[in-house]
file upload_37.txt (compact mmCIF, C-alpha atoms)
# COMPACT_ATOMS: atom_id res chain seq x y z
CA MET A 19 42.18 -2.42 -8.44
CA SER A 20 42.37 -0.66 -5.09
CA LYS A 21 43.79 -2.84 -2.34
CA LYS A 22 43.42 -3.14 1.38
CA GLY A 23 45.13 -0.26 3.16
CA ASP A 24 44.83 2.30 0.34
CA LEU A 25 42.53 4.43 2.52
CA GLN A 26 44.43 3.88 5.75
CA GLY A 27 44.29 7.06 7.84
CA ARG A 28 41.70 8.72 5.60
CA THR A 29 38.12 9.65 6.41
CA ILE A 30 35.48 10.20 3.73
CA VAL A 31 32.49 12.36 4.56
CA PHE A 32 29.47 11.51 2.43
CA THR A 33 27.11 14.45 1.97
CA GLY A 34 24.50 12.11 0.51
CA GLN A 35 23.25 8.73 1.65
CA PRO A 36 24.51 5.90 -0.59
CA LYS A 37 21.57 3.78 -1.76
CA SER A 38 23.35 0.60 -0.69
CA GLU A 39 26.07 -0.36 1.79
CA GLU A 40 28.47 -1.21 -1.05
CA ALA A 41 30.46 2.05 -1.00
CA LEU A 42 30.65 2.20 2.81
CA LEU A 43 31.84 -1.41 2.98
CA GLU A 44 34.49 -0.64 0.35
CA VAL A 45 35.83 2.23 2.48
CA LYS A 46 36.13 -0.18 5.41
CA ARG A 47 37.76 -2.87 3.24
CA LEU A 48 40.37 -0.36 2.10
CA GLY A 49 41.21 0.60 5.66
CA GLY A 50 39.47 3.97 5.79
CA ASP A 51 36.70 5.51 7.85
CA SER A 52 33.43 6.97 6.62
CA ILE A 53 30.75 9.17 8.07
CA VAL A 54 27.46 10.16 6.47
CA PHE A 55 25.80 13.57 6.77
CA PRO A 56 23.02 13.69 4.15
CA LEU A 57 22.49 17.37 3.38
CA ILE A 58 19.26 16.86 1.48
CA ARG A 59 16.15 14.79 2.02
CA THR A 60 13.35 13.93 -0.34
CA GLN A 61 9.66 13.38 0.09
CA GLU A 62 7.04 12.18 -2.33
CA VAL A 63 4.71 14.69 -3.98
CA MET A 64 1.19 13.40 -4.64
CA LEU A 65 -0.65 16.44 -6.01
CA GLN A 66 -1.01 15.18 -9.60
CA ASP A 67 -1.13 11.43 -9.02
CA GLU A 68 -4.67 10.77 -10.26
CA LEU A 69 -4.17 12.85 -13.40
CA PHE A 70 -0.97 11.15 -14.54
CA ILE A 71 -1.82 7.63 -13.36
CA ASN A 72 -4.90 7.77 -15.58
CA LYS A 73 -2.85 9.11 -18.52
CA LEU A 74 0.12 6.73 -18.25
CA HIS A 75 -1.06 4.57 -21.14
CA THR A 76 -1.03 7.57 -23.51
CA TYR A 77 2.75 8.10 -23.34
CA GLU A 78 5.21 6.30 -25.59
CA TRP A 79 8.10 7.17 -23.26
CA LEU A 80 8.70 7.60 -19.54
CA ILE A 81 11.87 9.60 -18.78
CA PHE A 82 13.81 9.30 -15.51
CA THR A 83 16.91 11.20 -14.41
CA SER A 84 17.23 10.11 -10.77
CA GLN A 85 16.86 7.15 -8.43
CA ASN A 86 14.53 9.21 -6.27
CA ALA A 87 12.09 9.58 -9.15
CA VAL A 88 12.19 5.82 -9.71
CA ALA A 89 11.42 5.15 -6.04
CA ALA A 90 8.58 7.68 -5.94
CA PHE A 91 7.04 6.30 -9.14
CA GLU A 92 7.25 2.74 -7.83
CA GLN A 93 5.41 3.84 -4.67
CA LYS A 94 2.68 5.47 -6.75
CA LEU A 95 2.18 2.37 -8.89
CA ALA A 96 1.92 0.17 -5.80
CA ARG A 97 -0.55 2.55 -4.18
CA HIS A 98 -2.78 2.42 -7.26
CA GLY A 99 -2.45 -1.32 -7.71
CA ILE A 100 -0.58 -1.14 -11.02
CA ARG A 101 1.90 -3.90 -11.80
CA ILE A 102 5.10 -2.79 -13.49
CA ASP A 103 4.99 -5.69 -15.96
CA THR A 104 1.67 -4.40 -17.33
CA LEU A 105 3.13 -1.06 -18.45
CA LEU A 106 3.82 -0.77 -22.18
CA ASN A 107 5.78 2.50 -22.07
CA LYS A 108 9.36 2.66 -23.32
CA ILE A 109 11.81 3.76 -20.63
CA ALA A 110 14.58 6.36 -20.99
CA ALA A 111 17.11 6.83 -18.20
CA VAL A 112 19.90 9.32 -17.57
CA GLY A 113 22.76 7.76 -15.64
CA ILE A 114 23.89 4.32 -14.54
CA LYS A 115 22.45 4.71 -11.04
CA THR A 116 19.03 5.63 -12.44
CA SER A 117 19.16 2.78 -14.94
CA ARG A 118 20.09 0.23 -12.28
CA ALA A 119 17.33 1.47 -9.98
CA LEU A 120 14.82 1.02 -12.80
CA GLU A 121 16.05 -2.49 -13.55
CA ARG A 122 15.88 -3.47 -9.88
CA SER A 123 12.27 -2.31 -9.89
CA GLY A 124 11.47 -4.50 -12.88
CA PHE A 125 11.64 -1.97 -15.72
CA GLN A 126 13.55 -2.55 -18.94
CA VAL A 127 15.54 0.51 -20.00
CA THR A 128 15.21 1.21 -23.71
CA PHE A 129 17.49 4.23 -24.02
CA MET A 130 20.34 5.79 -22.06
CA PRO A 131 22.55 8.60 -23.42
CA THR A 132 26.28 8.13 -23.84
CA THR A 133 27.03 10.91 -21.35
CA PHE A 134 24.95 11.11 -18.23
CA SER A 135 23.58 14.63 -18.55
CA ALA A 136 20.32 16.22 -19.66
CA ASP A 137 22.18 18.17 -22.37
CA THR A 138 23.42 14.97 -24.00
CA PHE A 139 20.02 13.37 -23.54
CA VAL A 140 18.22 16.01 -25.60
CA LYS A 141 20.78 15.61 -28.39
CA GLU A 142 20.66 11.81 -28.57
CA PHE A 143 17.07 10.96 -27.63
CA PRO A 144 15.62 12.12 -31.00
CA LEU A 145 17.78 9.46 -32.68
CA VAL A 146 15.64 6.71 -31.11
CA ALA A 147 12.30 8.43 -30.55
CA GLY A 148 9.76 9.49 -33.13
CA HIS A 149 9.09 13.20 -33.62
CA SER A 150 5.46 12.72 -32.60
CA ASP A 151 6.16 10.45 -29.61
CA SER A 152 4.62 11.72 -26.40
CA CYS A 153 6.85 11.68 -23.31
CA LEU A 154 6.35 11.94 -19.57
CA PHE A 155 9.31 13.24 -17.56
CA LEU A 156 9.13 12.05 -13.94
CA ARG A 157 11.08 14.75 -12.18
CA GLY A 158 12.07 16.18 -8.85
CA SER A 159 11.13 19.65 -7.70
CA LEU A 160 14.58 21.06 -8.54
CA ALA A 161 14.94 19.57 -12.00
CA LYS A 162 15.88 22.05 -14.72
CA ALA A 163 13.78 22.64 -17.83
CA THR A 164 16.46 21.21 -20.14
CA ILE A 165 14.51 18.10 -21.14
CA LYS A 166 11.13 19.74 -21.66
CA GLU A 167 12.54 22.71 -23.53
CA GLY A 168 15.27 20.83 -25.41
CA LEU A 169 13.18 18.08 -27.03
CA SER A 170 11.00 18.52 -30.11
CA GLN A 171 8.68 15.79 -28.80
CA ASN A 172 5.73 16.71 -26.63
CA VAL A 173 6.91 16.39 -23.01
CA ASP A 174 4.67 16.52 -19.96
CA GLU A 175 6.32 16.89 -16.55
CA TRP A 176 5.16 15.08 -13.42
CA THR A 177 6.85 16.24 -10.22
CA VAL A 178 6.94 13.06 -8.15
CA TYR A 179 9.21 14.18 -5.30
CA GLU A 180 10.64 17.32 -3.77
CA THR A 181 14.12 17.97 -2.47
CA LEU A 182 14.54 19.73 0.87
CA PRO A 183 17.64 20.74 2.85
CA ASP A 184 18.42 18.72 5.96
CA LEU A 185 19.43 21.55 8.27
CA THR A 186 20.05 19.26 11.24
CA ASN A 187 22.71 17.33 9.35
CA ALA A 188 24.13 20.55 7.93
CA LYS A 189 24.66 21.87 11.45
CA SER A 190 26.22 18.59 12.59
CA LEU A 191 28.57 18.50 9.59
CA SER A 192 29.62 22.09 10.16
CA GLU A 193 30.54 21.27 13.75
CA TYR A 194 32.34 18.10 12.66
CA LEU A 195 34.50 19.91 10.09
CA ILE A 196 35.66 22.45 12.66
CA VAL A 197 37.19 19.58 14.64
CA HIS A 198 38.16 17.42 11.62
CA PRO A 199 39.26 19.75 8.81
CA HIS A 200 41.49 17.24 6.98
CA VAL A 201 38.85 14.88 5.65
CA ILE A 202 37.69 14.20 2.10
CA VAL A 203 34.19 15.54 1.50
CA ALA A 204 32.23 13.72 -1.22
CA PHE A 205 29.33 15.25 -3.14
CA ALA A 206 26.88 13.47 -5.43
CA SER A 207 24.44 16.22 -6.40
CA PRO A 208 24.24 19.96 -7.03
CA SER A 209 21.55 20.12 -4.34
CA SER A 210 23.95 18.97 -1.63
CA VAL A 211 26.53 21.46 -2.93
CA GLU A 212 24.02 24.28 -2.58
CA VAL A 213 23.15 23.33 1.00
CA PHE A 214 26.84 23.10 1.90
CA ALA A 215 27.56 26.46 0.28
CA ARG A 216 24.72 28.16 2.10
CA GLU A 217 24.87 26.52 5.52
CA ILE A 218 28.49 25.37 6.01
CA ALA A 219 30.92 27.15 3.69
CA PRO A 220 30.59 30.52 5.51
CA LYS A 221 32.17 28.82 8.54
CA THR A 222 34.50 26.41 6.71
CA ASP A 223 36.80 27.51 3.92
CA TRP A 224 36.32 25.36 0.80
CA ASN A 225 40.09 25.46 0.26
CA GLN A 226 40.77 23.71 3.57
CA LEU A 227 38.96 20.64 2.29
CA LYS A 228 39.75 17.87 -0.16
CA ILE A 229 36.68 17.54 -2.35
CA ALA A 230 35.39 14.64 -4.41
CA ALA A 231 32.50 14.86 -6.87
CA ILE A 232 30.40 12.27 -8.65
CA GLY A 233 30.08 13.50 -12.20
CA HIS A 234 30.67 16.68 -14.12
CA VAL A 235 27.32 18.23 -13.18
CA THR A 236 28.16 18.11 -9.48
CA ALA A 237 31.73 19.22 -10.22
CA SER A 238 30.39 22.24 -12.15
CA ALA A 239 28.14 23.16 -9.22
CA LEU A 240 31.16 23.05 -6.89
CA LYS A 241 33.28 25.20 -9.20
CA LYS A 242 30.50 27.79 -9.43
CA GLN A 243 30.72 28.08 -5.65
CA GLY A 244 34.48 28.63 -5.87
CA ALA A 245 35.27 25.17 -4.54
CA PRO A 246 38.17 23.06 -5.82
CA VAL A 247 37.43 19.58 -7.16
CA HIS A 248 40.31 17.21 -6.45
CA ILE A 249 38.74 13.86 -7.31
CA MET A 250 36.15 12.75 -9.87
CA PRO A 251 35.66 9.19 -11.17
CA THR A 252 34.90 8.38 -14.79
CA THR A 253 31.99 6.20 -13.65
CA TYR A 254 29.41 8.14 -11.70
CA THR A 255 28.69 5.93 -8.68
CA TRP A 256 29.55 6.10 -5.00
CA LEU A 257 31.59 2.90 -5.29
CA ALA A 258 33.63 4.29 -8.20
CA LEU A 259 34.19 7.47 -6.21
CA VAL A 260 35.54 5.53 -3.23
CA GLN A 261 37.91 3.61 -5.49
CA GLU A 262 39.07 6.82 -7.16
CA ILE A 263 39.77 8.35 -3.74
CA ALA A 264 41.77 5.25 -2.81
CA ASN A 265 43.94 5.69 -5.91
CA TRP A 266 44.38 9.43 -5.35
CA LYS A 267 47.54 10.54 -3.61
CA ASP A 268 47.91 13.66 -1.52
CA GLU A 269 50.92 14.02 0.73
CA LYS A 270 49.09 16.42 3.05
CA LEU A 271 46.71 13.67 4.08
CA LYS A 272 49.49 11.30 5.16
call {"tool": "encode", "arguments": {"input": "upload_37.txt", "output": "structure tokens"}}
result
Amino acid sequence: MSKKGDLQGRTIVFTGQPKSEEALLEVKRLGGDSIVFPLIRTQEVMLQDELFINKLHTYEWLIFTSQNAVAAFEQKLARHGIRIDTLLNKIAAVGIKTSRALERSGFQVTFMPTTFSADTFVKEFPLVAGHSDSCLFLRGSLAKATIKEGLSQNVDEWTVYETLPDLTNAKSLSEYLIVHPHVIVAFASPSSVEVFAREIAPKTDWNQLKIAAIGHVTASALKKQGAPVHIMPTTYTWLALVQEIANWKDEKLK
């Protein structure tokens, strides 16, 4: 276990906003500093609410791949006066963070793949779902077509939120990195990687930074941009990432 002082003299820049204070408090406990520059923001999409709210009872499965989708769906249910405990749908979740968000909201997760990726999901989901089961994928605006195209089941897609770049924070982070180049920059999504690559990387060389990624999907997005990935935890949470950084040694940062 990481101990007090393991992050002494280190600063972690979060390019996404942790959903709880747990990770930020852990940085402080370990003697480090943290600063948050969320490079993306989300907002609820309500264009198809009436259609899918009225059809919810027709789906055997609801599929979630992000905490943002869980939050948006919960808002929609509350707005339409639907109690979570009255829903009879089975719930499939990709990722520990998504699963925990669902459980906090009162859902019981029926299925989660062994690896937290859409590719693994489409391989393993047919082992628990019937061929004729109907599914509703609650997705963000940038979600790929992997789930809809990869499953033999009938899958409808409901875009419940959209992801937008936060250009104000991107500008602030760019200015910060000019003055503080020797920090560890942590990424939790391909979307934040794309914003960084477009808005910040032209002014800040990727190779000047120490980079941490939550999960192989985010790591792959970084590598496609030509960025090195120095740190990646085996558990894909902000807290696990902080602890992995604490255990990581780099003489240049001392």
call {"tool": "residues_near_point", "arguments": {"input": "upload_37.txt", "point": "(28.1, 10.2, 6.2)", "cutoff": "10 Å", "atoms": "all atoms listed in the file", "output": "MDAnalysis selection string"}}
result
chainID A and resid 30:36 42 51:57 187 191 203:204
call {"tool": "residues_around", "arguments": {"input": "upload_37.txt", "residues": "Thr252 (chain A)", "least_positions_apart": "3", "cutoff": "9 Å", "atoms": "only C-alpha atoms", "output": "list in words"}}
result
Ile232, Gly233, Ala258, Leu259 and Glu262 of chain A
call {"tool": "residues_around", "arguments": {"input": "upload_37.txt", "residues": "region 148-165 of chain A", "least_positions_apart": "6", "cutoff": "8 Å", "atoms": "all atoms listed in the file", "output": "list in words"}}
result
Thr76, Tyr77, Glu78, Trp79, Leu80, Ile81, Phe82, Thr83, Ser84, Asn86, Ala87, Phe91, Ala136, Asp137, Phe139, Val140, Gln171, Asn172, Val173, Asp174, Glu175, Trp176, Thr177, Val178, Tyr179, Glu180 and Thr181 of chain A
call {"tool": "residues_around", "arguments": {"input": "upload_37.txt", "residues": "region 206-221 of chain A", "least_positions_apart": "3", "cutoff": "7 Å", "atoms": "only C-alpha atoms", "output": "ChimeraX atom specification"}}
result
/A:33-34,57-58,183,188,192,224,231-232,236,239-240,243
call {"tool": "closest_residue", "arguments": {"input": "upload_37.txt", "among": "A:Ile196, A:Leu48, A:Leu182, A:Ala237", "to": "Ile263 (chain A)", "atoms": "only C-alpha atoms"}}
result
A:Leu48
call {"tool": "closest_residue", "arguments": {"input": "upload_37.txt", "among": "A:Thr132, A:Ser117, A:Thr222, A:Thr60", "to": "Thr255 (chain A)", "atoms": "all atoms listed in the file"}}
result
A:Ser117
call {"tool": "atom_distance", "arguments": {"input": "upload_37.txt", "atom1": "CA of Ser135 (chain A)", "atom2": "CA of Ala41 (chain A)"}}
result
22.7 Å
call {"tool": "residues_around", "arguments": {"input": "upload_37.txt", "residues": "His200 (chain A)", "least_positions_apart": "2", "cutoff": "9 Å", "atoms": "only C-alpha atoms", "output": "PyMOL selection string"}}
result
chain A and resi 28-29+195+198+202+226-228+270-271
call {"tool": "atom_distance", "arguments": {"input": "upload_37.txt", "atom1": "CA of Leu65 (chain A)", "atom2": "CA of Ile100 (chain A)"}}
result
18.3 Å
call {"tool": "atom_distance", "arguments": {"input": "upload_37.txt", "atom1": "CA of Ala119 (chain A)", "atom2": "CA of Phe134 (chain A)"}}
result
14.8 Å
call {"tool": "build_atoms", "arguments": {"input": "upload_37.txt", "residues": "region 93-129 of chain A", "atoms": "N, CA and C atoms", "output": "PDB file, keeping the file's coordinate frame"}}
result
ATOM      1  N   GLN A  93       6.369   3.712  -5.777  1.00  0.00           N
ATOM      2  CA  GLN A  93       5.410   3.840  -4.670  1.00  0.00           C
ATOM      3  C   GLN A  93       4.016   4.189  -5.200  1.00  0.00           C
ATOM      4  N   LYS A  94       3.963   5.054  -6.190  1.00  0.00           N
ATOM      5  CA  LYS A  94       2.680   5.470  -6.750  1.00  0.00           C
ATOM      6  C   LYS A  94       1.982   4.298  -7.460  1.00  0.00           C
ATOM      7  N   LEU A  95       2.755   3.520  -8.213  1.00  0.00           N
ATOM      8  CA  LEU A  95       2.180   2.370  -8.890  1.00  0.00           C
ATOM      9  C   LEU A  95       1.618   1.369  -7.878  1.00  0.00           C
ATOM     10  N   ALA A  96       2.376   1.111  -6.814  1.00  0.00           N
ATOM     11  CA  ALA A  96       1.920   0.170  -5.800  1.00  0.00           C
ATOM     12  C   ALA A  96       0.656   0.674  -5.118  1.00  0.00           C
ATOM     13  N   ARG A  97       0.610   1.969  -4.848  1.00  0.00           N
ATOM     14  CA  ARG A  97      -0.550   2.550  -4.180  1.00  0.00           C
ATOM     15  C   ARG A  97      -1.821   2.439  -5.028  1.00  0.00           C
ATOM     16  N   HIS A  98      -1.631   2.487  -6.358  1.00  0.00           N
ATOM     17  CA  HIS A  98      -2.780   2.420  -7.260  1.00  0.00           C
ATOM     18  C   HIS A  98      -2.989   1.018  -7.831  1.00  0.00           C
ATOM     19  N   GLY A  99      -2.246   0.054  -7.309  1.00  0.00           N
ATOM     20  CA  GLY A  99      -2.450  -1.320  -7.710  1.00  0.00           C
ATOM     21  C   GLY A  99      -2.043  -1.627  -9.140  1.00  0.00           C
ATOM     22  N   ILE A 100      -1.042  -0.928  -9.646  1.00  0.00           N
ATOM     23  CA  ILE A 100      -0.580  -1.140 -11.020  1.00  0.00           C
ATOM     24  C   ILE A 100       0.707  -1.947 -11.005  1.00  0.00           C
ATOM     25  N   ARG A 101       0.705  -3.066 -11.702  1.00  0.00           N
ATOM     26  CA  ARG A 101       1.900  -3.900 -11.800  1.00  0.00           C
ATOM     27  C   ARG A 101       2.830  -3.350 -12.879  1.00  0.00           C
ATOM     28  N   ILE A 102       4.110  -3.327 -12.564  1.00  0.00           N
ATOM     29  CA  ILE A 102       5.100  -2.790 -13.490  1.00  0.00           C
ATOM     30  C   ILE A 102       5.107  -3.570 -14.808  1.00  0.00           C
ATOM     31  N   ASP A 103       4.921  -4.879 -14.737  1.00  0.00           N
ATOM     32  CA  ASP A 103       4.990  -5.690 -15.960  1.00  0.00           C
ATOM     33  C   ASP A 103       3.789  -5.502 -16.883  1.00  0.00           C
ATOM     34  N   THR A 104       2.801  -4.697 -16.452  1.00  0.00           N
ATOM     35  CA  THR A 104       1.670  -4.400 -17.330  1.00  0.00           C
ATOM     36  C   THR A 104       1.852  -3.099 -18.108  1.00  0.00           C
ATOM     37  N   LEU A 105       2.891  -2.326 -17.772  1.00  0.00           N
ATOM     38  CA  LEU A 105       3.130  -1.060 -18.450  1.00  0.00           C
ATOM     39  C   LEU A 105       3.783  -1.299 -19.811  1.00  0.00           C
ATOM     40  N   LEU A 106       3.309  -0.604 -20.819  1.00  0.00           N
ATOM     41  CA  LEU A 106       3.820  -0.770 -22.180  1.00  0.00           C
ATOM     42  C   LEU A 106       4.727   0.372 -22.609  1.00  0.00           C
ATOM     43  N   ASN A 107       4.952   1.342 -21.724  1.00  0.00           N
ATOM     44  CA  ASN A 107       5.780   2.500 -22.070  1.00  0.00           C
ATOM     45  C   ASN A 107       7.227   2.097 -22.286  1.00  0.00           C
ATOM     46  N   LYS A 108       7.909   2.782 -23.200  1.00  0.00           N
ATOM     47  CA  LYS A 108       9.360   2.660 -23.320  1.00  0.00           C
ATOM     48  C   LYS A 108       9.986   3.506 -22.215  1.00  0.00           C
ATOM     49  N   ILE A 109      11.169   3.091 -21.758  1.00  0.00           N
ATOM     50  CA  ILE A 109      11.810   3.760 -20.630  1.00  0.00           C
ATOM     51  C   ILE A 109      13.137   4.372 -21.059  1.00  0.00           C
ATOM     52  N   ALA A 110      13.319   5.656 -20.751  1.00  0.00           N
ATOM     53  CA  ALA A 110      14.580   6.360 -20.990  1.00  0.00           C
ATOM     54  C   ALA A 110      15.161   6.760 -19.640  1.00  0.00           C
ATOM     55  N   ALA A 111      16.456   6.538 -19.478  1.00  0.00           N
ATOM     56  CA  ALA A 111      17.110   6.830 -18.200  1.00  0.00           C
ATOM     57  C   ALA A 111      18.386   7.605 -18.414  1.00  0.00           C
ATOM     58  N   VAL A 112      18.637   8.582 -17.552  1.00  0.00           N
ATOM     59  CA  VAL A 112      19.900   9.320 -17.570  1.00  0.00           C
ATOM     60  C   VAL A 112      20.738   8.843 -16.392  1.00  0.00           C
ATOM     61  N   GLY A 113      21.839   8.163 -16.691  1.00  0.00           N
ATOM     62  CA  GLY A 113      22.760   7.760 -15.640  1.00  0.00           C
ATOM     63  C   GLY A 113      22.674   6.286 -15.275  1.00  0.00           C
ATOM     64  N   ILE A 114      23.824   5.719 -14.925  1.00  0.00           N
ATOM     65  CA  ILE A 114      23.890   4.320 -14.540  1.00  0.00           C
ATOM     66  C   ILE A 114      23.078   4.046 -13.287  1.00  0.00           C
ATOM     67  N   LYS A 115      23.174   4.931 -12.293  1.00  0.00           N
ATOM     68  CA  LYS A 115      22.450   4.710 -11.040  1.00  0.00           C
ATOM     69  C   LYS A 115      20.946   4.688 -11.282  1.00  0.00           C
ATOM     70  N   THR A 116      20.467   5.593 -12.122  1.00  0.00           N
ATOM     71  CA  THR A 116      19.030   5.630 -12.440  1.00  0.00           C
ATOM     72  C   THR A 116      18.628   4.373 -13.189  1.00  0.00           C
ATOM     73  N   SER A 117      19.454   3.970 -14.157  1.00  0.00           N
ATOM     74  CA  SER A 117      19.160   2.780 -14.940  1.00  0.00           C
ATOM     75  C   SER A 117      19.107   1.524 -14.062  1.00  0.00           C
ATOM     76  N   ARG A 118      20.058   1.405 -13.157  1.00  0.00           N
ATOM     77  CA  ARG A 118      20.090   0.230 -12.280  1.00  0.00           C
ATOM     78  C   ARG A 118      18.891   0.215 -11.338  1.00  0.00           C
ATOM     79  N   ALA A 119      18.497   1.396 -10.854  1.00  0.00           N
ATOM     80  CA  ALA A 119      17.330   1.470  -9.980  1.00  0.00           C
ATOM     81  C   ALA A 119      16.073   1.031 -10.724  1.00  0.00           C
ATOM     82  N   LEU A 120      15.961   1.439 -11.981  1.00  0.00           N
ATOM     83  CA  LEU A 120      14.820   1.020 -12.800  1.00  0.00           C
ATOM     84  C   LEU A 120      14.809  -0.490 -13.005  1.00  0.00           C
ATOM     85  N   GLU A 121      15.968  -1.049 -13.311  1.00  0.00           N
ATOM     86  CA  GLU A 121      16.050  -2.490 -13.550  1.00  0.00           C
ATOM     87  C   GLU A 121      15.759  -3.286 -12.286  1.00  0.00           C
ATOM     88  N   ARG A 122      16.201  -2.785 -11.140  1.00  0.00           N
ATOM     89  CA  ARG A 122      15.880  -3.470  -9.880  1.00  0.00           C
ATOM     90  C   ARG A 122      14.382  -3.463  -9.613  1.00  0.00           C
ATOM     91  N   SER A 123      13.717  -2.420 -10.094  1.00  0.00           N
ATOM     92  CA  SER A 123      12.270  -2.310  -9.890  1.00  0.00           C
ATOM     93  C   SER A 123      11.485  -3.152 -10.882  1.00  0.00           C
ATOM     94  N   GLY A 124      12.154  -3.664 -11.910  1.00  0.00           N
ATOM     95  CA  GLY A 124      11.470  -4.500 -12.880  1.00  0.00           C
ATOM     96  C   GLY A 124      11.240  -3.855 -14.231  1.00  0.00           C
ATOM     97  N   PHE A 125      11.768  -2.641 -14.440  1.00  0.00           N
ATOM     98  CA  PHE A 125      11.640  -1.970 -15.720  1.00  0.00           C
ATOM     99  C   PHE A 125      12.770  -2.397 -16.657  1.00  0.00           C
ATOM    100  N   GLN A 126      12.514  -2.326 -17.946  1.00  0.00           N
ATOM    101  CA  GLN A 126      13.550  -2.550 -18.940  1.00  0.00           C
ATOM    102  C   GLN A 126      13.884  -1.225 -19.601  1.00  0.00           C
ATOM    103  N   VAL A 127      15.133  -0.789 -19.463  1.00  0.00           N
ATOM    104  CA  VAL A 127      15.540   0.510 -20.000  1.00  0.00           C
ATOM    105  C   VAL A 127      15.785   0.378 -21.499  1.00  0.00           C
ATOM    106  N   THR A 128      15.100   1.227 -22.261  1.00  0.00           N
ATOM    107  CA  THR A 128      15.210   1.210 -23.710  1.00  0.00           C
ATOM    108  C   THR A 128      16.321   2.109 -24.216  1.00  0.00           C
ATOM    109  N   PHE A 129      16.499   3.255 -23.541  1.00  0.00           N
ATOM    110  CA  PHE A 129      17.490   4.230 -24.020  1.00  0.00           C
ATOM    111  C   PHE A 129      18.196   4.893 -22.849  1.00  0.00           C
TER     112      PHE A 129
END
